[in-house]
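Undergrad: File name data_21.cif; file contents mmCIF, C-alpha atoms; full text below.
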data_coords
loop_
_atom_site.group_PDB
_atom_site.id
_atom_site.type_symbol
_atom_site.label_atom_id
_atom_site.label_comp_id
_atom_site.auth_asym_id
_atom_site.auth_seq_id
_atom_site.Cartn_x
_atom_site.Cartn_y
_atom_site.Cartn_z
ATOM 1 C CA MET A 15 0.000 0.000 0.000
ATOM 2 C CA VAL A 16 1.365 3.406 -1.006
ATOM 3 C CA LEU A 17 0.159 6.732 0.386
ATOM 4 C CA LEU A 18 -0.196 9.315 -2.361
ATOM 5 C CA THR A 19 0.637 12.923 -1.502
ATOM 6 C CA ALA A 20 0.554 16.159 -3.481
ATOM 7 C CA GLN A 21 4.380 16.012 -3.710
ATOM 8 C CA ASP A 22 4.121 12.912 -5.933
ATOM 9 C CA LEU A 23 2.476 15.106 -8.570
ATOM 10 C CA ILE A 24 5.040 17.923 -8.674
ATOM 11 C CA GLU A 25 6.142 18.713 -12.207
ATOM 12 C CA GLU A 26 9.747 19.485 -11.352
ATOM 13 C CA PRO A 27 11.720 17.680 -8.580
ATOM 14 C CA ASP A 28 14.042 20.712 -8.375
ATOM 15 C CA PHE A 29 11.527 22.187 -5.940
ATOM 16 C CA ILE A 30 12.641 19.609 -3.356
ATOM 17 C CA LYS A 31 15.385 21.254 -1.311
ATOM 18 C CA ASP A 32 16.687 18.400 0.806
ATOM 19 C CA VAL A 33 18.720 15.720 -1.034
ATOM 20 C CA ALA A 34 17.347 12.889 1.151
ATOM 21 C CA ASP A 35 13.788 13.911 0.138
ATOM 22 C CA TYR A 36 14.982 14.260 -3.465
ATOM 23 C CA LYS A 37 16.253 10.647 -3.487
ATOM 24 C CA ALA A 38 13.097 9.452 -1.708
ATOM 25 C CA PHE A 39 10.994 11.148 -4.409
ATOM 26 C CA PHE A 40 12.618 9.083 -7.196
ATOM 27 C CA ALA A 41 12.377 5.888 -5.113
ATOM 28 C CA LYS A 42 8.644 6.502 -4.616
ATOM 29 C CA GLN A 43 8.194 7.205 -8.333
ATOM 30 C CA SER A 44 9.690 3.747 -9.032
ATOM 31 C CA GLN A 45 7.385 2.216 -6.432
ATOM 32 C CA LEU A 46 4.313 3.869 -7.983
ATOM 33 C CA TYR A 47 5.438 2.941 -11.485
ATOM 34 C CA THR A 48 5.768 -0.740 -10.476
ATOM 35 C CA LEU A 49 2.348 -0.585 -8.827
ATOM 36 C CA LEU A 50 0.781 0.855 -11.982
ATOM 37 C CA GLN A 51 2.131 -2.079 -14.016
ATOM 38 C CA GLN A 52 -0.354 -4.335 -12.182
ATOM 39 C CA PRO A 53 -3.589 -5.177 -14.051
ATOM 40 C CA GLU A 54 -5.695 -3.694 -11.241
ATOM 41 C CA VAL A 55 -5.081 -1.095 -8.524
ATOM 42 C CA LEU A 56 -7.234 -0.554 -5.449
ATOM 43 C CA LEU A 57 -7.622 3.097 -4.541
ATOM 44 C CA HIS A 58 -8.510 3.931 -0.916
ATOM 45 C CA VAL A 59 -9.915 7.437 -0.527
ATOM 46 C CA GLU A 60 -10.572 9.815 2.342
ATOM 47 C CA SER A 61 -14.225 8.844 2.824
ATOM 48 C CA GLY A 62 -13.205 5.220 3.409
ATOM 49 C CA LYS A 63 -14.502 3.992 0.052
ATOM 50 C CA HIS A 64 -12.433 1.787 -2.303
ATOM 51 C CA TYR A 65 -12.238 2.067 -6.072
ATOM 52 C CA LEU A 66 -10.887 -0.642 -8.354
ATOM 53 C CA ILE A 67 -9.018 0.918 -11.250
ATOM 54 C CA LYS A 68 -7.394 -0.742 -14.248
ATOM 55 C CA PRO A 69 -4.241 1.183 -15.233
ATOM 56 C CA LYS A 70 -3.643 1.552 -18.947
ATOM 57 C CA ILE A 71 -1.118 3.138 -21.285
ATOM 58 C CA ARG A 72 -1.687 6.832 -21.532
ATOM 59 C CA GLU A 73 -3.653 8.247 -24.461
ATOM 60 C CA PRO A 74 -1.738 10.835 -26.543
ATOM 61 C CA SER A 75 -4.667 13.276 -26.178
ATOM 62 C CA SER A 76 -4.090 13.410 -22.398
ATOM 63 C CA VAL A 77 -0.588 14.893 -22.802
ATOM 64 C CA PRO A 78 -0.901 18.457 -21.444
ATOM 65 C CA HIS A 79 -0.295 21.615 -23.492
ATOM 66 C CA THR A 80 2.771 22.440 -21.392
ATOM 67 C CA PHE A 81 4.520 19.462 -23.021
ATOM 68 C CA TYR A 82 4.078 20.895 -26.524
ATOM 69 C CA PHE A 83 4.949 24.395 -25.312
ATOM 70 C CA GLN A 84 8.304 23.163 -23.968
ATOM 71 C CA ILE A 85 9.011 21.164 -27.135
ATOM 72 C CA ILE A 86 8.261 24.176 -29.374
ATOM 73 C CA CYS A 87 10.425 26.531 -27.264
ATOM 74 C CA GLY A 88 13.343 24.063 -27.332
ATOM 75 C CA ALA A 89 13.019 23.377 -31.072
ATOM 76 C CA VAL A 90 12.864 27.091 -31.922
ATOM 77 C CA ALA A 91 15.944 27.861 -29.783
ATOM 78 C CA MET A 92 17.842 24.967 -31.388
ATOM 79 C CA MET A 93 16.986 25.942 -34.963
ATOM 80 C CA ILE A 94 17.758 29.646 -34.441
ATOM 81 C CA GLY A 95 21.138 28.728 -32.943
ATOM 82 C CA MET A 96 21.924 26.290 -35.763
ATOM 83 C CA SER A 97 20.807 28.807 -38.415
ATOM 84 C CA VAL A 98 23.286 31.343 -37.080
ATOM 85 C CA LEU A 99 26.038 28.698 -36.968
ATOM 86 C CA ALA A 100 25.266 27.374 -40.474
ATOM 87 C CA TYR A 101 26.467 30.646 -42.021
ATOM 88 C CA ASN A 102 29.285 31.425 -39.536
ATOM 89 C CA PHE A 103 31.070 28.147 -38.801
ATOM 90 C CA SER A 104 34.355 29.836 -37.968
ATOM 91 C CA SER A 105 32.907 32.402 -35.532
ATOM 92 C CA THR A 106 33.392 31.622 -31.820
ATOM 93 C CA SER A 107 30.332 33.708 -30.916
ATOM 94 C CA ALA A 108 28.170 31.781 -33.415
ATOM 95 C CA ARG A 109 29.413 28.464 -31.999
ATOM 96 C CA LEU A 110 28.626 29.550 -28.458
ATOM 97 C CA TYR A 111 25.207 30.836 -29.503
ATOM 98 C CA ALA A 112 24.483 27.508 -31.233
ATOM 99 C CA LEU A 113 25.575 25.708 -28.066
ATOM 100 C CA THR A 114 23.096 27.730 -25.987
ATOM 101 C CA GLY A 115 20.345 26.708 -28.458
ATOM 102 C CA PHE A 116 21.367 23.036 -28.454
ATOM 103 C CA SER A 117 21.625 22.805 -24.657
ATOM 104 C CA PHE A 118 18.332 24.693 -24.242
ATOM 105 C CA MET A 119 16.653 22.159 -26.526
ATOM 106 C CA LEU A 120 17.940 19.195 -24.469
ATOM 107 C CA LEU A 121 16.983 21.052 -21.282
ATOM 108 C CA THR A 122 13.367 21.614 -22.357
ATOM 109 C CA PHE A 123 12.891 18.252 -24.111
ATOM 110 C CA SER A 124 14.008 16.326 -21.017
ATOM 111 C CA ALA A 125 11.817 18.483 -18.735
ATOM 112 C CA ALA A 126 8.833 18.050 -21.079
ATOM 113 C CA ALA A 127 9.119 14.255 -20.850
ATOM 114 C CA TYR A 128 8.949 14.076 -17.043
ATOM 115 C CA SER A 129 6.946 17.186 -16.125
ATOM 116 C CA SER A 130 3.981 16.015 -18.219
ATOM 117 C CA ARG A 131 3.730 12.545 -16.624
ATOM 118 C CA GLU A 132 0.343 11.729 -15.148
ATOM 119 C CA LEU A 133 1.539 10.203 -11.874
ATOM 120 C CA ALA A 134 4.719 8.171 -12.134
ATOM 121 C CA LEU A 135 7.734 7.569 -14.315
ATOM 122 C CA GLN A 136 10.286 4.806 -13.747
ATOM 123 C CA GLY A 137 12.592 6.305 -11.056
ATOM 124 C CA ASP A 138 15.929 5.689 -12.826
ATOM 125 C CA LEU A 139 14.637 7.134 -16.096
ATOM 126 C CA PHE A 140 13.230 10.126 -14.217
ATOM 127 C CA ARG A 141 16.566 10.703 -12.452
ATOM 128 C CA PHE A 142 18.417 10.365 -15.792
ATOM 129 C CA LEU A 143 16.123 12.901 -17.489
ATOM 130 C CA ASN A 144 16.495 15.249 -14.523
ATOM 131 C CA ALA A 145 20.315 14.932 -14.757
ATOM 132 C CA VAL A 146 20.117 15.691 -18.523
ATOM 133 C CA ASN A 147 18.010 18.738 -17.647
ATOM 134 C CA HIS A 148 20.491 19.971 -15.026
ATOM 135 C CA GLY A 149 23.583 19.134 -17.095
ATOM 136 C CA ASN A 150 22.257 21.151 -20.007
ATOM 137 C CA ALA A 151 21.293 24.008 -17.693
ATOM 138 C CA PHE A 152 24.986 24.157 -16.686
ATOM 139 C CA ILE A 153 26.158 23.947 -20.328
ATOM 140 C CA PHE A 154 23.667 26.659 -21.278
ATOM 141 C CA SER A 155 24.854 28.904 -18.431
ATOM 142 C CA ALA A 156 28.553 28.432 -19.280
ATOM 143 C CA ALA A 157 27.915 29.027 -23.000
ATOM 144 C CA PHE A 158 25.795 32.114 -22.314
ATOM 145 C CA VAL A 159 28.398 33.638 -19.963
ATOM 146 C CA SER A 160 31.131 32.866 -22.536
ATOM 147 C CA LEU A 161 29.015 34.384 -25.298
ATOM 148 C CA LEU A 162 28.740 37.615 -23.329
ATOM 149 C CA TRP A 163 32.511 37.500 -22.937
ATOM 150 C CA TYR A 164 32.979 37.423 -26.726
ATOM 151 C CA TYR A 165 29.956 39.256 -28.108
ATOM 152 C CA PRO A 166 29.442 41.968 -29.187
ATOM 153 C CA SER A 167 32.901 43.110 -27.962
ATOM 154 C CA ARG A 168 35.631 40.680 -26.981
ATOM 155 C CA LEU A 169 36.346 41.447 -23.330
ATOM 156 C CA GLY A 170 39.522 39.371 -22.877
ATOM 157 C CA GLY A 171 41.335 36.083 -23.491
ATOM 158 C CA ALA A 172 40.043 32.505 -23.619
ATOM 159 C CA LYS A 173 40.800 31.708 -19.969
ATOM 160 C CA PHE A 174 37.485 33.057 -18.678
ATOM 161 C CA PRO A 175 35.250 30.883 -20.946
ATOM 162 C CA ALA A 176 37.449 27.864 -20.073
ATOM 163 C CA LEU A 177 36.886 28.607 -16.387
ATOM 164 C CA ALA A 178 33.117 28.965 -16.941
ATOM 165 C CA PHE A 179 32.923 25.539 -18.618
ATOM 166 C CA ALA A 180 35.173 23.958 -15.957
ATOM 167 C CA LEU A 181 32.892 25.281 -13.196
ATOM 168 C CA GLY A 182 29.872 24.023 -15.145
ATOM 169 C CA ALA A 183 31.456 20.557 -15.364
ATOM 170 C CA LEU A 184 32.197 20.637 -11.622
ATOM 171 C CA ALA A 185 28.595 21.623 -10.849
ATOM 172 C CA PHE A 186 27.380 18.766 -13.051
ATOM 173 C CA LEU A 187 29.593 16.267 -11.190
ATOM 174 C CA SER A 188 28.200 17.504 -7.872
ATOM 175 C CA GLU A 189 24.713 17.001 -9.343
ATOM 176 C CA ILE A 190 25.463 13.446 -10.519
ATOM 177 C CA PHE A 191 27.141 12.320 -7.285
ATOM 178 C CA LEU A 192 25.017 14.545 -4.992
ATOM 179 C CA TRP A 193 27.992 15.892 -3.039
ATOM 180 C CA PHE A 194 25.856 18.299 -1.014
ATOM 181 C CA ASP A 195 22.810 17.664 1.188
ATOM 182 C CA ASN A 196 21.071 20.729 -0.150
ATOM 183 C CA ASN A 197 19.831 21.203 -3.712
ATOM 184 C CA ASP A 198 20.401 24.953 -3.438
ATOM 185 C CA LEU A 199 24.161 24.263 -3.399
ATOM 186 C CA THR A 200 23.934 21.524 -6.020
ATOM 187 C CA PHE A 201 21.823 23.297 -8.571
ATOM 188 C CA ARG A 202 20.372 26.706 -7.776
ATOM 189 C CA TYR A 203 23.451 28.596 -6.539
ATOM 190 C CA PRO A 204 25.650 27.646 -9.567
ATOM 191 C CA ILE A 205 22.855 28.806 -11.919
ATOM 192 C CA LEU A 206 22.364 31.993 -9.886
ATOM 193 C CA LEU A 207 26.123 32.607 -9.954
ATOM 194 C CA ALA A 208 26.101 32.256 -13.750
ATOM 195 C CA LEU A 209 23.177 34.668 -14.034
ATOM 196 C CA LEU A 210 24.877 37.255 -11.805
ATOM 197 C CA THR A 211 28.117 36.845 -13.798
ATOM 198 C CA SER A 212 26.240 37.392 -17.036
ATOM 199 C CA LEU A 213 24.608 40.494 -15.546
ATOM 200 C CA ILE A 214 28.057 41.889 -14.681
ATOM 201 C CA LEU A 215 29.339 41.008 -18.175
ATOM 202 C CA GLY A 216 26.232 42.628 -19.682
ATOM 203 C CA ILE A 217 27.008 45.874 -17.846
ATOM 204 C CA TRP A 218 30.656 45.575 -18.937
ATOM 205 C CA GLN A 219 29.526 45.096 -22.553
ATOM 206 C CA TRP A 220 27.210 48.095 -22.181
ATOM 207 C CA VAL A 221 30.117 50.292 -21.139
ATOM 208 C CA ALA A 222 32.416 48.825 -23.829
ATOM 209 C CA SER A 223 29.877 49.566 -26.587
ATOM 210 C CA ARG A 224 29.186 53.200 -25.641
ATOM 211 C CA LYS A 225 30.718 54.533 -28.891
ATOM 212 C CA ASP A 226 29.184 51.928 -31.206
ATOM 213 C CA PRO A 227 25.380 52.073 -31.707
ATOM 214 C CA LEU A 228 25.226 48.661 -33.451
ATOM 215 C CA ARG A 229 27.003 46.914 -30.611
ATOM 216 C CA ARG A 230 24.926 48.860 -28.100
ATOM 217 C CA ALA A 231 21.738 47.529 -29.774
ATOM 218 C CA ALA A 232 23.050 43.934 -29.502
ATOM 219 C CA VAL A 233 23.833 44.469 -25.804
ATOM 220 C CA LYS A 234 20.316 45.818 -25.205
ATOM 221 C CA TRP A 235 18.823 42.616 -26.631
ATOM 222 C CA PHE A 236 21.055 40.439 -24.479
ATOM 223 C CA LEU A 237 20.279 42.434 -21.332
ATOM 224 C CA LEU A 238 16.550 42.043 -21.985
ATOM 225 C CA THR A 239 16.813 38.227 -22.230
ATOM 226 C CA LEU A 240 19.151 38.224 -19.244
ATOM 227 C CA LEU A 241 16.758 40.151 -17.010
ATOM 228 C CA LEU A 242 13.883 37.902 -18.075
ATOM 229 C CA GLY A 243 15.969 34.802 -17.262
ATOM 230 C CA LEU A 244 17.087 36.205 -13.927
ATOM 231 C CA SER A 245 13.607 37.169 -12.765
ATOM 232 C CA ASN A 246 12.208 33.796 -13.853
ATOM 233 C CA SER A 247 14.951 31.854 -12.022
ATOM 234 C CA VAL A 248 14.619 33.842 -8.801
ATOM 235 C CA GLN A 249 10.820 33.452 -8.944
ATOM 236 C CA ASN A 250 11.249 29.654 -9.151
ATOM 237 C CA PHE A 251 13.412 29.505 -6.030
ATOM 238 C CA PRO A 252 11.599 27.727 -3.195
ATOM 239 C CA ASP A 253 11.159 29.664 0.081
ATOM 240 C CA MET B 23 37.750 17.175 -47.846
ATOM 241 C CA ALA B 24 34.705 16.723 -50.145
ATOM 242 C CA LEU B 25 32.751 15.204 -47.231
ATOM 243 C CA ARG B 26 33.712 18.131 -45.038
ATOM 244 C CA ARG B 27 32.533 20.579 -47.734
ATOM 245 C CA THR B 28 29.201 18.714 -47.997
ATOM 246 C CA LEU B 29 28.693 18.632 -44.233
ATOM 247 C CA LEU B 30 29.446 22.309 -43.906
ATOM 248 C CA THR B 31 26.829 23.327 -46.489
ATOM 249 C CA PRO B 32 24.274 25.454 -44.583
ATOM 250 C CA ARG B 33 21.330 23.604 -46.132
ATOM 251 C CA PHE B 34 22.710 20.151 -45.269
ATOM 252 C CA PHE B 35 23.731 21.268 -41.792
ATOM 253 C CA LEU B 36 20.260 22.668 -41.070
ATOM 254 C CA MET B 37 18.636 19.514 -42.415
ATOM 255 C CA LEU B 38 20.816 17.468 -40.058
ATOM 256 C CA ALA B 39 19.983 19.756 -37.111
ATOM 257 C CA SER B 40 16.229 19.635 -37.776
ATOM 258 C CA THR B 41 16.328 15.823 -38.110
ATOM 259 C CA LEU B 42 18.108 15.570 -34.757
ATOM 260 C CA CYS B 43 15.570 17.950 -33.240
ATOM 261 C CA LEU B 44 12.662 15.891 -34.590
ATOM 262 C CA VAL B 45 14.120 12.577 -33.376
ATOM 263 C CA LEU B 46 14.686 13.970 -29.867
ATOM 264 C CA ALA B 47 11.214 15.551 -29.758
ATOM 265 C CA LEU B 48 9.647 12.216 -30.750
ATOM 266 C CA THR B 49 11.731 10.435 -28.084
ATOM 267 C CA SER B 50 10.423 12.879 -25.494
ATOM 268 C CA TRP B 51 6.852 12.364 -26.742
ATOM 269 C CA HIS B 52 7.309 8.589 -26.630
ATOM 270 C CA ILE B 53 8.425 8.764 -22.985
ATOM 271 C CA ALA B 54 5.532 11.079 -22.082
ATOM 272 C CA THR B 55 2.940 8.809 -23.697
ATOM 273 C CA SER B 56 4.421 5.542 -22.380
ATOM 274 C CA THR B 57 3.724 6.401 -18.757
ATOM 275 C CA PRO B 58 0.982 4.374 -17.072
ATOM 276 C CA SER B 59 -2.361 6.079 -16.583
ATOM 277 C CA LEU B 60 -5.160 5.662 -14.041
ATOM 278 C CA GLY B 61 -7.583 7.303 -16.457
ATOM 279 C CA ILE B 62 -8.441 10.012 -13.920
ATOM 280 C CA HIS B 63 -7.117 13.515 -13.474
ATOM 281 C CA LEU B 64 -5.173 13.916 -10.223
ATOM 282 C CA VAL B 65 -5.010 17.451 -8.847
ATOM 283 C CA PRO B 66 -2.871 18.406 -5.817
ATOM 284 C CA THR B 67 -4.678 20.512 -3.195
ATOM 285 C CA ASP B 68 -3.250 23.181 -0.886
ATOM 286 C CA ASN B 69 -3.431 20.926 2.186
ATOM 287 C CA GLY B 70 -1.195 18.270 0.599
ATOM 288 C CA ALA B 71 -4.019 15.901 -0.407
ATOM 289 C CA ILE B 72 -5.003 14.926 -3.948
ATOM 290 C CA GLU B 73 -8.357 15.574 -5.539
ATOM 291 C CA MET B 74 -9.523 13.286 -8.329
ATOM 292 C CA ARG B 75 -11.467 14.428 -11.349
ATOM 293 C CA GLY B 76 -12.931 12.425 -14.211
ATOM 294 C CA GLY B 77 -13.683 8.718 -14.533
ATOM 295 C CA GLY B 78 -16.707 9.000 -12.207
ATOM 296 C CA LEU B 79 -14.537 10.052 -9.267
ATOM 297 C CA GLU B 80 -15.298 13.781 -9.235
ATOM 298 C CA ASN B 81 -14.248 15.638 -6.084
ATOM 299 C CA VAL B 82 -13.107 12.461 -4.323
ATOM 300 C CA LEU B 83 -10.162 13.151 -2.013
ATOM 301 C CA LEU B 84 -7.267 10.793 -1.424
ATOM 302 C CA PRO B 85 -6.169 10.824 2.238
#
Please rewrite the model in this file as structure tokens.
TA:
Amino acid sequence: MVLLTAQDLIEEPDFIKDVADYKAFFAKQSQLYTLLQQPEVLLHVESGKHYLIKPKIREPSSVPHTFYFQIICGAVAMMIGMSVLAYNFSSTSARLYALTGFSFMLLTFSAAAYSSRELALQGDLFRFLNAVNHGNAFIFSAAFVSLLWYYPSRLGGAKFPALAFALGALAFLSEIFLWFDNNDLTFRYPILLALLTSLILGIWQWVASRKDPLRRAAVKWFLLTLLLGLSNSVQNFPD
Amino acid sequence: MALRRTLLTPRFFLMLASTLCLVLALTSWHIATSTPSLGIHLVPTDNGAIEMRGGGLENVLLP
């Protein structure tokens, strides 16, 4: 017998702060998934009544709109990034921009698969998809910070982007092996650090482009997306 | 060298990228539609319980 709680239905396990609860969430997903493989499931409800339900494979029409929204966003980001790269293979900025599009696609596609589940997904698959989501969030952050280092004005040498990707790789390792007991340290703080770094680089780019209206226009666009990303990330932080 | 020139053609590159995108999107859709279903809509409530909707179980609360 398994007690269902509202937490079993959360779209995104990132909202779980404590790593022990995070692991327990995936274990319970496996338990529920195994239970739903049975031909019949007995549902006990608050009033004391029992309902016999026959689990079945999900109908495609029951997939929520949020799934398609995430897939479209990811596909658009990927194709815009690749379109820029297709005509500028030798440009470092174009490569980094394409990398942000590619990682954003993997980030949203993986999230779409698990966030639109009805109740349960096999725990290991869920954990794998969540790791793909986090790993690509780190790649996206490192590529975006590096892009702001190179575009529209080059702010310095290649050591800074190398450091950004090294820190991203380190954050991903801490995510895979769960080095910390708190998901804020594992996932949210590295992303927040990347966002703050990109804000500083955005201001630096703003100052560096003061005599060039074209570059200033490019910086404006980046700062707009940056502020949107920052506000969205901070809003999604649990209390 | 000829292969490299073909691969670096913008049209071919974009075709490759869109194929990859489509394959990954279909993989994601396959995972989403392969999950088991109870045939009812489960809605979390503010007090941590779950309300069921559809399948003749309207407004029934799980403990």
Undergrad: Using the chain letters and numbering of this document, enumerate as a PyMOL selection string the residues selected by the PyMOL selection byres ((chain A) within 9 of (chain B)).
TA: chain A and resi 17-24+47+50-51+55+57-61+65+67-74+76-77+81-82+85+88-89+92-93+96-97+99-101+103+119-120+123-136
Undergrad: Taking the point (12.5, 9.3, -11.3) as given in the file, collect each protein or nucleic acid residue that comes within 8 Å of it, counting only C-alpha atoms, and present the set as number ranges by chain.
TA: A: 39-41, 43-44, 134-142, 144
Undergrad: Do you have the atom CA of Asn246 of chain A-atom CA of Trp218 of chain A distance handy?
TA: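 If I compute the distance from atom CA of Asn246 of chain A to atom CA of Trp218 of chain A, I get 22.5 Å.
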Undergrad: Can you pull out every residue within 12 Å of Lys173 of chain A, counting only C-alpha atoms, but drop anything in the same chain fewer than 6 positions away, and send it as a ChimeraX atom specification?
TA: /A:160,163-164,179-180
Undergrad: Name the residues that the PyMOL selection byres ((chain A and resi 185-191) around 8) pulls out of this structure, and write them as a PyMOL selection string.
TA: chain A and resi 145+148-149+152+181-184+192-194+200-201+204
Undergrad: Determine the residue set returned by the PyMOL selection byres ((chain A and resi 224-240) around 8) for the present structure, and present it as a PyMOL selection string.
TA: chain A and resi 166-167+209+212-213+216+219-223+241-244
Undergrad: Calculate how many Å separate atom CA of Asn102 of chain A from atom CA of Ser155 of chain A, rounding to one decimal.
TA: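 So the answer is 21.7 Å.
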Undergrad: From the set A:Leu110, A:Leu207, A:Asn196, A:Asn150, which residue has the shortest atom-to-atom contact distance to Pro175 of chain A, counting all atoms listed in the file?
TA: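 Looking at the shortest contact to Pro175 of chain A, the residue is A:Leu110.
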Undergrad: Can you tell me how far atom CA of Leu161 of chain A sits from atom CA of Ala108 of chain A, in Å to one decimal?
TA: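 Answer for the atom CA of Leu161 of chain A to atom CA of Ala108 of chain A separation: 8.6 Å.
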Undergrad: Please check which residues have atoms at most 8 Å from (25.7, 31.1, -25.3) in the file's coordinates, counting all atoms listed in the file, and write them as a count of residues only.
TA: 16
